[in-house]
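Peer 1: The following file, protein.pdb, comprises PDB, C-alpha atoms:
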ATOM      1  CA  MET Y   1     -99.697 185.725 195.382
ATOM      2  CA  LEU Y   2    -101.290 185.451 198.822
ATOM      3  CA  ALA Y   3    -101.612 189.230 199.176
ATOM      4  CA  ASP Y   4    -103.209 189.417 195.734
ATOM      5  CA  TYR Y   5    -105.591 186.577 196.568
ATOM      6  CA  TYR Y   6    -106.679 188.108 199.888
ATOM      7  CA  LYS Y   7    -106.679 191.639 198.390
ATOM      8  CA  VAL Y   8    -104.494 193.085 201.133
ATOM      9  CA  PRO Y   9    -101.218 195.098 201.097
ATOM     10  CA  PHE Y  10     -97.842 193.351 200.976
ATOM     11  CA  PRO Y  11     -95.307 195.503 202.898
ATOM     12  CA  ARG Y  12     -91.951 193.878 202.208
ATOM     13  CA  SER Y  13     -89.220 194.576 204.781
ATOM     14  CA  ILE Y  14     -91.028 197.622 206.199
ATOM     15  CA  ASN Y  15     -93.334 198.156 209.164
ATOM     16  CA  PRO Y  16     -96.963 198.009 207.995
ATOM     17  CA  LYS Y  17     -99.839 200.235 208.961
ATOM     18  CA  ILE Y  18    -102.322 198.814 211.438
ATOM     19  CA  GLN Y  19    -104.466 196.953 208.934
ATOM     20  CA  PRO Y  20    -104.813 193.441 207.529
ATOM     21  CA  CYS Y  21    -101.828 192.605 205.309
ATOM     22  CA  ILE Y  22     -99.311 189.941 204.357
ATOM     23  CA  ILE Y  23     -96.074 190.682 206.224
ATOM     24  CA  HIS Y  24     -92.990 189.249 204.545
ATOM     25  CA  GLY Y  25     -89.965 188.398 206.675
ATOM     26  CA  HIS Y  26     -87.592 185.746 207.992
ATOM     27  CA  TYR Y  27     -89.121 185.298 211.424
ATOM     28  CA  LEU Y  28     -88.708 182.486 213.915
ATOM     29  CA  CYS Y  29     -91.862 180.990 215.384
ATOM     30  CA  SER Y  30     -93.828 183.089 217.850
ATOM     31  CA  PRO Y  31     -97.097 182.137 219.611
ATOM     32  CA  PHE Y  32     -98.370 185.658 218.842
ATOM     33  CA  MET Y  33     -98.260 185.135 215.079
ATOM     34  CA  LYS Y  34    -101.333 183.848 213.278
ATOM     35  CA  ASN Y  35    -102.154 182.718 209.748
ATOM     36  CA  VAL Y  36     -98.495 181.991 209.034
ATOM     37  CA  TYR Y  37     -97.287 180.621 205.713
ATOM     38  CA  VAL Y  38     -93.763 179.207 205.862
ATOM     39  CA  ILE Y  39     -92.002 178.966 202.502
ATOM     40  CA  VAL Y  40     -89.762 175.903 202.635
ATOM     41  CA  ARG Y  41     -86.989 175.224 200.136
ATOM     42  CA  ASP Y  42     -84.385 172.459 199.930
ATOM     43  CA  GLY Y  43     -81.561 173.760 202.115
ATOM     44  CA  ARG Y  44     -78.947 172.743 199.559
ATOM     45  CA  ASP Y  45     -80.575 174.952 196.931
ATOM     46  CA  VAL Y  46     -80.765 177.705 199.553
ATOM     47  CA  MET Y  47     -76.975 177.503 199.935
ATOM     48  CA  VAL Y  48     -76.418 177.833 196.173
ATOM     49  CA  SER Y  49     -78.923 180.682 195.888
ATOM     50  CA  ALA Y  50     -77.350 182.492 198.845
ATOM     51  CA  TYR Y  51     -73.862 182.074 197.351
ATOM     52  CA  TYR Y  52     -74.854 183.913 194.179
ATOM     53  CA  HIS Y  53     -76.993 186.486 195.979
ATOM     54  CA  LEU Y  54     -74.384 187.457 198.571
ATOM     55  CA  LEU Y  55     -71.232 187.278 196.456
ATOM     56  CA  PHE Y  56     -72.339 188.572 193.048
ATOM     57  CA  PRO Y  57     -74.081 191.833 192.055
ATOM     58  CA  ASN Y  58     -77.802 191.701 191.266
ATOM     59  CA  ASP Y  59     -80.779 194.052 191.202
ATOM     60  CA  LYS Y  60     -81.639 193.452 194.896
ATOM     61  CA  ASN Y  61     -78.300 193.720 196.708
ATOM     62  CA  SER Y  62     -76.036 196.727 197.175
ATOM     63  CA  THR Y  63     -72.361 197.420 196.503
ATOM     64  CA  PHE Y  64     -71.861 197.797 200.262
ATOM     65  CA  GLN Y  65     -73.445 194.396 200.919
ATOM     66  CA  LEU Y  66     -71.386 192.760 198.187
ATOM     67  CA  LYS Y  67     -68.098 194.171 199.529
ATOM     68  CA  LYS Y  68     -69.035 193.141 203.056
ATOM     69  CA  PHE Y  69     -69.592 189.501 202.213
ATOM     70  CA  ARG Y  70     -66.655 189.271 199.812
ATOM     71  CA  LYS Y  71     -64.454 190.571 202.616
ATOM     72  CA  SER Y  72     -65.818 187.864 204.928
ATOM     73  CA  LEU Y  73     -65.229 185.193 202.274
ATOM     74  CA  SER Y  74     -62.059 186.125 200.431
ATOM     75  CA  PHE Y  75     -62.015 183.406 197.764
ATOM     76  CA  SER Y  76     -59.348 183.629 195.063
ATOM     77  CA  ASN Y  77     -61.962 182.891 192.393
ATOM     78  CA  TYR Y  78     -65.624 183.532 193.257
ATOM     79  CA  ASP Y  79     -66.767 181.894 190.017
ATOM     80  CA  ASN Y  80     -65.544 178.511 191.266
ATOM     81  CA  ILE Y  81     -68.597 177.689 193.372
ATOM     82  CA  TYR Y  82     -67.837 173.950 193.193
ATOM     83  CA  LYS Y  83     -64.580 174.485 195.096
ATOM     84  CA  ASN Y  84     -65.844 177.250 197.397
ATOM     85  CA  LEU Y  85     -69.166 175.813 198.574
ATOM     86  CA  PRO Y  86     -67.882 173.704 201.516
ATOM     87  CA  ILE Y  87     -66.364 176.819 203.124
ATOM     88  CA  PHE Y  88     -69.429 178.918 202.214
ATOM     89  CA  ILE Y  89     -71.848 176.380 203.744
ATOM     90  CA  GLU Y  90     -69.862 176.352 206.968
ATOM     91  CA  TYR Y  91     -69.921 180.157 206.947
ATOM     92  CA  MET Y  92     -73.715 180.189 206.509
ATOM     93  CA  PHE Y  93     -74.257 177.843 209.464
ATOM     94  CA  GLU Y  94     -71.628 179.383 211.739
ATOM     95  CA  ASP Y  95     -70.508 182.975 211.055
ATOM     96  CA  PHE Y  96     -73.593 184.220 209.168
ATOM     97  CA  LYS Y  97     -75.785 183.075 212.047
ATOM     98  CA  LYS Y  98     -73.643 184.879 214.638
ATOM     99  CA  LYS Y  99     -73.069 188.130 212.725
ATOM    100  CA  TRP Y 100     -76.328 188.822 210.910
ATOM    101  CA  PHE Y 101     -79.628 187.044 211.483
ATOM    102  CA  GLY Y 102     -78.907 185.118 214.682
ATOM    103  CA  TYR Y 103     -80.125 181.896 213.104
ATOM    104  CA  ASN Y 104     -79.643 179.729 210.018
ATOM    105  CA  TRP Y 105     -81.689 177.542 207.661
ATOM    106  CA  LYS Y 106     -81.829 174.631 210.115
ATOM    107  CA  THR Y 107     -82.881 176.831 213.047
ATOM    108  CA  PHE Y 108     -85.542 178.557 210.959
ATOM    109  CA  ILE Y 109     -87.091 175.294 209.699
ATOM    110  CA  GLU Y 110     -87.062 173.590 213.102
ATOM    111  CA  SER Y 111     -88.619 176.667 214.685
ATOM    112  CA  TRP Y 112     -91.774 176.082 212.628
ATOM    113  CA  LEU Y 113     -91.938 172.291 212.362
ATOM    114  CA  GLY Y 114     -95.118 170.887 213.905
ATOM    115  CA  LYS Y 115     -96.625 174.275 214.730
ATOM    116  CA  LYS Y 116    -100.418 174.417 214.341
ATOM    117  CA  ASN Y 117    -100.483 178.131 213.474
ATOM    118  CA  ALA Y 118     -98.362 177.613 210.339
ATOM    119  CA  SER Y 119     -98.964 176.225 206.869
ATOM    120  CA  PHE Y 120     -95.907 174.977 204.988
ATOM    121  CA  ILE Y 121     -95.598 175.872 201.296
ATOM    122  CA  TYR Y 122     -92.895 173.893 199.498
ATOM    123  CA  TYR Y 123     -90.954 175.854 196.882
ATOM    124  CA  GLU Y 124     -90.433 172.705 194.798
ATOM    125  CA  ASN Y 125     -94.177 171.993 194.774
ATOM    126  CA  LEU Y 126     -94.896 175.604 193.818
ATOM    127  CA  LEU Y 127     -92.785 175.073 190.701
ATOM    128  CA  ASN Y 128     -94.307 171.703 189.778
ATOM    129  CA  ASP Y 129     -97.978 172.245 190.722
ATOM    130  CA  PRO Y 130     -98.553 175.789 192.007
ATOM    131  CA  LEU Y 131    -102.348 175.567 191.953
ATOM    132  CA  ASN Y 132    -102.496 172.506 194.186
ATOM    133  CA  GLU Y 133     -99.880 173.877 196.578
ATOM    134  CA  MET Y 134    -101.651 177.218 196.931
ATOM    135  CA  GLU Y 135    -105.052 175.559 197.328
ATOM    136  CA  LYS Y 136    -103.771 173.373 200.176
ATOM    137  CA  ALA Y 137    -102.124 176.290 201.954
ATOM    138  CA  ILE Y 138    -105.158 178.573 201.708
ATOM    139  CA  TYR Y 139    -107.553 175.803 202.784
ATOM    140  CA  LYS Y 140    -105.476 175.063 205.891
ATOM    141  CA  ILE Y 141    -105.882 178.649 207.076
ATOM    142  CA  ASP Y 142    -109.366 179.503 205.747
ATOM    143  CA  LYS Y 143    -110.990 176.062 206.062
ATOM    144  CA  LYS Y 144    -112.808 176.601 202.768
ATOM    145  CA  ILE Y 145    -112.207 175.814 199.098
ATOM    146  CA  PRO Y 146    -110.329 178.663 197.365
ATOM    147  CA  ASP Y 147    -111.601 180.383 194.227
ATOM    148  CA  LYS Y 148    -109.688 178.246 191.727
ATOM    149  CA  LYS Y 149    -110.358 180.444 188.701
ATOM    150  CA  ARG Y 150    -109.010 183.584 190.390
ATOM    151  CA  LEU Y 151    -106.100 181.662 191.876
ATOM    152  CA  LYS Y 152    -105.044 180.467 188.404
ATOM    153  CA  LEU Y 153    -104.913 184.059 187.140
ATOM    154  CA  ILE Y 154    -102.822 185.148 190.121
ATOM    155  CA  ILE Y 155    -100.402 182.236 189.709
ATOM    156  CA  ASN Y 156     -99.901 183.105 186.058
ATOM    157  CA  LYS Y 157     -99.366 186.781 186.929
ATOM    158  CA  TYR Y 158     -96.566 185.940 189.371
ATOM    159  CA  SER Y 159     -94.951 183.098 187.426
ATOM    160  CA  PHE Y 160     -91.186 183.208 186.930
ATOM    161  CA  GLU Y 161     -91.689 183.713 183.214
ATOM    162  CA  ASN Y 162     -93.879 186.800 183.718
ATOM    163  CA  GLN Y 163     -91.768 188.254 186.534
ATOM    164  CA  ALA Y 164     -88.336 187.632 184.997
ATOM    165  CA  LYS Y 165     -89.403 187.926 181.323
ATOM    166  CA  ARG Y 166     -87.570 184.718 180.419
ATOM    167  CA  MET Y 167     -88.048 180.949 180.704
ATOM    168  CA  ARG Y 168     -87.275 179.117 183.920
ATOM    169  CA  GLY Y 169     -83.796 177.609 183.809
ATOM    170  CA  HIS Y 170     -82.376 180.450 181.679
ATOM    171  CA  GLU Y 171     -79.819 181.867 184.104
ATOM    172  CA  LYS Y 172     -79.234 185.601 184.471
ATOM    173  CA  MET Y 173     -76.487 186.288 186.985
ATOM    174  CA  ASN Y 174     -77.277 189.963 187.628
ATOM    175  CA  SER Y 175     -80.927 189.274 188.466
ATOM    176  CA  PHE Y 176     -82.394 188.416 191.879
ATOM    177  CA  LEU Y 177     -84.602 186.010 189.906
ATOM    178  CA  ARG Y 178     -81.491 184.185 188.744
ATOM    179  CA  LYS Y 179     -82.741 180.824 187.482
ATOM    180  CA  GLY Y 180     -86.073 179.806 189.037
ATOM    181  CA  VAL Y 181     -85.417 176.069 189.289
ATOM    182  CA  ALA Y 182     -85.189 173.380 191.942
ATOM    183  CA  GLY Y 183     -82.255 170.987 192.218
ATOM    184  CA  ASP Y 184     -79.558 173.429 191.083
ATOM    185  CA  TRP Y 185     -77.399 172.130 193.961
ATOM    186  CA  LYS Y 186     -76.838 168.826 192.142
ATOM    187  CA  SER Y 187     -74.412 170.385 189.679
ATOM    188  CA  LYS Y 188     -72.738 172.605 192.298
ATOM    189  CA  PHE Y 189     -72.189 170.331 195.321
ATOM    190  CA  SER Y 190     -68.921 168.430 195.569
ATOM    191  CA  LYS Y 191     -68.590 165.425 197.864
ATOM    192  CA  ASP Y 192     -67.097 167.759 200.499
ATOM    193  CA  ALA Y 193     -70.034 170.177 200.166
ATOM    194  CA  LYS Y 194     -72.500 167.317 200.681
ATOM    195  CA  TYR Y 195     -70.618 166.219 203.791
ATOM    196  CA  VAL Y 196     -70.535 169.719 205.310
ATOM    197  CA  PHE Y 197     -74.234 170.303 204.674
ATOM    198  CA  TYR Y 198     -75.144 166.902 206.108
ATOM    199  CA  LYS Y 199     -73.081 167.647 209.231
ATOM    200  CA  TYR Y 200     -75.048 170.826 209.924
ATOM    201  CA  ALA Y 201     -78.540 170.107 208.612
ATOM    202  CA  GLY Y 202     -78.805 166.615 207.150
ATOM    203  CA  GLU Y 203     -81.364 165.424 209.683
ATOM    204  CA  THR Y 204     -83.533 168.510 209.106
ATOM    205  CA  LEU Y 205     -83.482 167.853 205.362
ATOM    206  CA  ILE Y 206     -84.572 164.239 205.955
ATOM    207  CA  THR Y 207     -87.363 165.352 208.322
ATOM    208  CA  LEU Y 208     -88.736 167.606 205.575
ATOM    209  CA  GLY Y 209     -88.812 164.656 203.205
TER     210      GLY Y 209
END
Would you mind writing the file's structure down as structure tokens?

Peer 2:
Amino acid sequence: MLADYYKVPFPRSINPKIQPCIIHGHYLCSPFMKNVYVIVRDGRDVMVSAYYHLLFPNDKNSTFQLKKFRKSLSFSNYDNIYKNLPIFIEYMFEDFKKKWFGYNWKTFIESWLGKKNASFIYYENLLNDPLNEMEKAIYKIDKKIPDKKRLKLIINKYSFENQAKRMRGHEKMNSFLRKGVAGDWKSKFSKDAKYVFYKYAGETLITLG
């Protein structure tokens, strides 16, 4: 949506040419970055989303990736997310950090908290009031009122319904755009899962509100 609004390229997961563009990635804060938009999502929903993305086939992951993570997390029944989540959450905050990215959800969020060169965009707000959330984010960087009419068209173009070709909340397991809702963790987190998440990132969640 931002790339469309600014009329610049959007090179996802590749090195861009030397030109203005929106670079997508999971970067920790750097003083050399400018005009940064940080997409923030409830960490509990991130855990549920990651569980399905890493352990089940979809149109964005590979067979190699799937086998790799299933080998790391050899559950007897992968469909039983309610039982498996406590172990998976611990894996995401401990082993996943060490083996793959070098950081986790908590580290990523705290890297950007309070930084003047970044504008936070809340995933939950994008679902509930995308126009207001986008207007605030663009104004923080540009210091001028966005073109609301054009922004509405862009938001509609990239809505879950138009991208996934189905209503939000209608789950499709083999799609990267699985469900498109906030609060999915509430039906997936056991008491043990809540405890494990709180142990690792409860204070960060509270700080975010």

Peer 1: Could you give me, as a list in words, the residues within 9 Å of segment 197-205 of chain Y, counting only C-alpha atoms and dropping anything in the same chain fewer than 5 positions from it?

Peer 2: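 Within the cut-off, the hits are Asp42, Gly43, Arg44, Pro86, Ile89, Glu90, Phe93, Trp105, Lys106, Ile109, Glu110 and Asp192 of chain Y.
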
Peer 1: Can those selected residues be exported to a file as a PDB file, in the coordinates of the input so that it contains C-alpha atoms?

Peer 2:
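That gives us result_23.pdb:
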ATOM      1  CA  ASP Y  42     -84.385 172.459 199.930  1.00  0.00           C
ATOM      2  CA  GLY Y  43     -81.561 173.760 202.115  1.00  0.00           C
ATOM      3  CA  ARG Y  44     -78.947 172.743 199.559  1.00  0.00           C
ATOM      4  CA  PRO Y  86     -67.882 173.704 201.516  1.00  0.00           C
ATOM      5  CA  ILE Y  89     -71.848 176.380 203.744  1.00  0.00           C
ATOM      6  CA  GLU Y  90     -69.862 176.352 206.968  1.00  0.00           C
ATOM      7  CA  PHE Y  93     -74.257 177.843 209.464  1.00  0.00           C
ATOM      8  CA  TRP Y 105     -81.689 177.542 207.661  1.00  0.00           C
ATOM      9  CA  LYS Y 106     -81.829 174.631 210.115  1.00  0.00           C
ATOM     10  CA  ILE Y 109     -87.091 175.294 209.699  1.00  0.00           C
ATOM     11  CA  GLU Y 110     -87.062 173.590 213.102  1.00  0.00           C
ATOM     12  CA  ASP Y 192     -67.097 167.759 200.499  1.00  0.00           C
TER      13      ASP Y 192
END

Peer 1: Between Y:Ala118, Y:Ala50, Y:Ala182, Y:Cys29, which has the minimum distance to Lys140 of chain Y (counting only C-alpha atoms)?

Peer 2: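 Result for the nearest residue to Lys140 of chain Y: Y:Ala118.
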
Peer 1: Just how far from atom CA of Val8 of chain Y is atom CA of Cys21 of chain Y, in Å to one decimal?

Peer 2: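 So the answer is 5.0 Å.
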
Peer 1: Show me, as a list in words, the residues that have an atom within 12 Å of Ser187 of chain Y when counting only C-alpha atoms, minus same-chain residues fewer than 4 positions from it.

Peer 2: Arg44, Asp45, Val48, Ile81, Tyr82, Lys83, Leu85, Ala182, Gly183, Lys191, Ala193 and Lys194 of chain Y

Peer 1: At what distance in Å, to one decimal, does atom CA of Phe32 of chain Y lie from atom CA of Lys7 of chain Y?

Peer 2: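 Spanning atom CA of Lys7 of chain Y to atom CA of Phe32 of chain Y is a straight-line distance of 22.9 Å.
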
Peer 1: Around segment 87-91 of chain Y, with edges along x, y and z and 5 Å added on all six sides, what centre and edge lengths do you get, in Å to one decimal, as lines of an AutoDock Vina configuration file?

Peer 2:
center_x = -69.1
center_y = 178.3
center_z = 204.6
size_x = 15.5
size_y = 13.8
size_z = 14.8

Peer 1: Y:Met33, Y:Leu153, Y:Ile18, Y:Ile39: which is nearest Asp4 of chain Y, counting all atoms listed in the file?

Peer 2: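 Among the listed residues, the smallest separation from Asp4 of chain Y belongs to Y:Leu153.
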
Peer 1: Which residues fall under the PyMOL selection byres ((chain Y and resi 121-126) around 8) in this file, as number ranges by chain?

Peer 2: Y: 37-42, 119-120, 127-131, 133-134, 137, 182

Peer 1: Between Y:Gly102, Y:Ile206, Y:Gly25, Y:Ser49, which residue has the minimum interatomic distance to Trp185 of chain Y, considering only C-alpha atoms?

Peer 2: Y:Ser49

Peer 1: What does the distance between atom CA of Tyr52 of chain Y and atom CA of Ala3 of chain Y come to in Å, to one decimal place?

Peer 2: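 One can read the atom CA of Tyr52 of chain Y to atom CA of Ala3 of chain Y distance as 27.7 Å.
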
Peer 1: When distances are computed from all atoms listed in the file, which of Y:Glu135, Y:Met173, Y:Ala164, Y:Phe56 shows the smallest separation from Lys149 of chain Y?

Peer 2: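 Among the listed residues, the smallest separation from Lys149 of chain Y belongs to Y:Glu135.
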
Peer 1: Between Y:Ser190, Y:Asn58, Y:Asn35, Y:Ser76, which is the closest to Lys172 of chain Y once you count only C-alpha atoms?

Peer 2: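 Checking each of Y:Ser190, Y:Asn58, Y:Asn35, Y:Ser76 against Lys172 of chain Y, counting only C-alpha atoms, the winner is Y:Asn58.
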
Peer 1: Check the smallest atom-to-atom distance from each of Y:Tyr6, Y:Tyr195, Y:Phe176, Y:Tyr27 to Tyr103 of chain Y using all atoms listed in the file, then report the winner.

Peer 2: Y:Tyr27

Peer 1: If we count all atoms listed in the file, what is near Asp95 of chain Y at a cut-off of 12 Å, once residues fewer than 6 positions away on the same chain are taken out, given as a count of residues only?

Peer 2: 10

Peer 1: Which residues, named as in the file, does the PyMOL selection byres ((chain Y and resi 168) around 7) pick out? Answer as number ranges by chain.

Peer 2: Y: 160-161, 166-167, 169-170, 179-181

Peer 1: Run the PyMOL selection byres ((chain Y and resi 24) around 8) mentally over the shown coordinates, then write out the matched residues as a list in words, using the chain letters and numbers from the document.

Peer 2: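 Going through the file, the PyMOL selection byres ((chain Y and resi 24) around 8) ends up selecting Phe10, Pro11, Arg12, Ser13, Ile22, Ile23, Gly25 and His26 of chain Y.
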
Peer 1: Can you take the partial segment 169-180 of chain Y, add all heavy atoms, and return it as an mmCIF file, keeping the file's coordinate frame?

Peer 2:
data_model
loop_
_atom_site.group_PDB
_atom_site.id
_atom_site.type_symbol
_atom_site.label_atom_id
_atom_site.label_comp_id
_atom_site.auth_asym_id
_atom_site.auth_seq_id
_atom_site.Cartn_x
_atom_site.Cartn_y
_atom_site.Cartn_z
ATOM 1 N N GLY Y 169 -84.989 178.358 184.179
ATOM 2 C CA GLY Y 169 -83.796 177.609 183.809
ATOM 3 C C GLY Y 169 -82.810 178.418 183.007
ATOM 4 O O GLY Y 169 -81.644 178.040 182.895
ATOM 5 N N HIS Y 170 -83.275 179.551 182.414
ATOM 6 C CA HIS Y 170 -82.376 180.450 181.679
ATOM 7 C C HIS Y 170 -81.746 181.405 182.695
ATOM 8 O O HIS Y 170 -82.387 182.347 183.151
ATOM 9 C CB HIS Y 170 -83.141 181.215 180.604
ATOM 10 C CG HIS Y 170 -83.567 180.346 179.457
ATOM 11 N ND1 HIS Y 170 -83.961 180.864 178.251
ATOM 12 C CD2 HIS Y 170 -83.659 178.995 179.329
ATOM 13 C CE1 HIS Y 170 -84.289 179.873 177.421
ATOM 14 N NE2 HIS Y 170 -84.118 178.734 178.065
ATOM 15 N N GLU Y 171 -80.494 181.140 183.029
ATOM 16 C CA GLU Y 171 -79.819 181.867 184.104
ATOM 17 C C GLU Y 171 -79.432 183.281 183.702
ATOM 18 O O GLU Y 171 -78.937 183.522 182.603
ATOM 19 C CB GLU Y 171 -78.564 181.098 184.543
ATOM 20 C CG GLU Y 171 -77.899 181.645 185.772
ATOM 21 C CD GLU Y 171 -76.773 180.753 186.259
ATOM 22 O OE1 GLU Y 171 -76.126 180.091 185.429
ATOM 23 O OE2 GLU Y 171 -76.549 180.705 187.478
ATOM 24 N N LYS Y 172 -79.663 184.221 184.644
ATOM 25 C CA LYS Y 172 -79.234 185.601 184.471
ATOM 26 C C LYS Y 172 -78.568 186.029 185.774
ATOM 27 O O LYS Y 172 -79.235 186.271 186.775
ATOM 28 C CB LYS Y 172 -80.420 186.507 184.139
ATOM 29 C CG LYS Y 172 -80.016 187.928 183.762
ATOM 30 C CD LYS Y 172 -81.238 188.746 183.351
ATOM 31 C CE LYS Y 172 -80.840 190.162 182.951
ATOM 32 N NZ LYS Y 172 -82.027 190.982 182.584
ATOM 33 N N MET Y 173 -77.263 186.106 185.767
ATOM 34 C CA MET Y 173 -76.487 186.288 186.985
ATOM 35 C C MET Y 173 -76.768 187.603 187.708
ATOM 36 O O MET Y 173 -76.690 187.671 188.926
ATOM 37 C CB MET Y 173 -74.988 186.184 186.672
ATOM 38 C CG MET Y 173 -74.532 184.774 186.361
ATOM 39 S SD MET Y 173 -74.579 183.712 187.816
ATOM 40 C CE MET Y 173 -73.303 184.462 188.818
ATOM 41 N N ASN Y 174 -77.074 188.664 186.981
ATOM 42 C CA ASN Y 174 -77.277 189.963 187.628
ATOM 43 C C ASN Y 174 -78.734 190.221 187.995
ATOM 44 O O ASN Y 174 -79.136 191.356 188.223
ATOM 45 C CB ASN Y 174 -76.747 191.092 186.739
ATOM 46 C CG ASN Y 174 -77.512 191.210 185.424
ATOM 47 O OD1 ASN Y 174 -78.246 190.294 185.041
ATOM 48 N ND2 ASN Y 174 -77.340 192.318 184.740
ATOM 49 N N SER Y 175 -79.521 189.157 188.082
ATOM 50 C CA SER Y 175 -80.927 189.274 188.466
ATOM 51 C C SER Y 175 -81.175 188.519 189.767
ATOM 52 O O SER Y 175 -80.650 187.419 189.973
ATOM 53 C CB SER Y 175 -81.832 188.713 187.365
ATOM 54 O OG SER Y 175 -83.183 188.664 187.803
ATOM 55 N N PHE Y 176 -81.988 189.117 190.658
ATOM 56 C CA PHE Y 176 -82.394 188.416 191.879
ATOM 57 C C PHE Y 176 -83.142 187.136 191.509
ATOM 58 O O PHE Y 176 -83.015 186.112 192.175
ATOM 59 C CB PHE Y 176 -83.277 189.338 192.723
ATOM 60 C CG PHE Y 176 -83.796 188.695 193.978
ATOM 61 C CD1 PHE Y 176 -82.947 188.410 195.028
ATOM 62 C CD2 PHE Y 176 -85.139 188.384 194.108
ATOM 63 C CE1 PHE Y 176 -83.421 187.806 196.195
ATOM 64 C CE2 PHE Y 176 -85.629 187.795 195.258
ATOM 65 C CZ PHE Y 176 -84.764 187.509 196.307
ATOM 66 N N LEU Y 177 -83.928 187.200 190.447
ATOM 67 C CA LEU Y 177 -84.602 186.010 189.906
ATOM 68 C C LEU Y 177 -83.625 185.340 188.949
ATOM 69 O O LEU Y 177 -83.753 185.419 187.737
ATOM 70 C CB LEU Y 177 -85.890 186.410 189.195
ATOM 71 C CG LEU Y 177 -86.925 187.142 190.055
ATOM 72 C CD1 LEU Y 177 -88.094 187.608 189.209
ATOM 73 C CD2 LEU Y 177 -87.418 186.260 191.189
ATOM 74 N N ARG Y 178 -82.639 184.665 189.529
ATOM 75 C CA ARG Y 178 -81.491 184.185 188.744
ATOM 76 C C ARG Y 178 -81.847 183.051 187.789
ATOM 77 O O ARG Y 178 -81.511 183.079 186.617
ATOM 78 C CB ARG Y 178 -80.374 183.741 189.701
ATOM 79 C CG ARG Y 178 -79.096 183.257 189.018
ATOM 80 C CD ARG Y 178 -78.055 182.876 190.058
ATOM 81 N NE ARG Y 178 -78.502 181.827 190.940
ATOM 82 C CZ ARG Y 178 -78.360 180.511 190.688
ATOM 83 N NH1 ARG Y 178 -77.762 180.094 189.585
ATOM 84 N NH2 ARG Y 178 -78.815 179.614 191.545
ATOM 85 N N LYS Y 179 -82.532 182.023 188.304
ATOM 86 C CA LYS Y 179 -82.741 180.824 187.482
ATOM 87 C C LYS Y 179 -84.134 180.217 187.625
ATOM 88 O O LYS Y 179 -84.671 179.662 186.683
ATOM 89 C CB LYS Y 179 -81.672 179.785 187.831
ATOM 90 C CG LYS Y 179 -81.372 178.776 186.746
ATOM 91 C CD LYS Y 179 -80.130 177.953 187.120
ATOM 92 C CE LYS Y 179 -79.763 176.991 186.021
ATOM 93 N NZ LYS Y 179 -78.545 176.202 186.384
ATOM 94 N N GLY Y 180 -84.712 180.276 188.829
ATOM 95 C CA GLY Y 180 -86.073 179.806 189.037
ATOM 96 C C GLY Y 180 -86.287 178.318 188.935
ATOM 97 O O GLY Y 180 -87.349 177.873 188.477
#
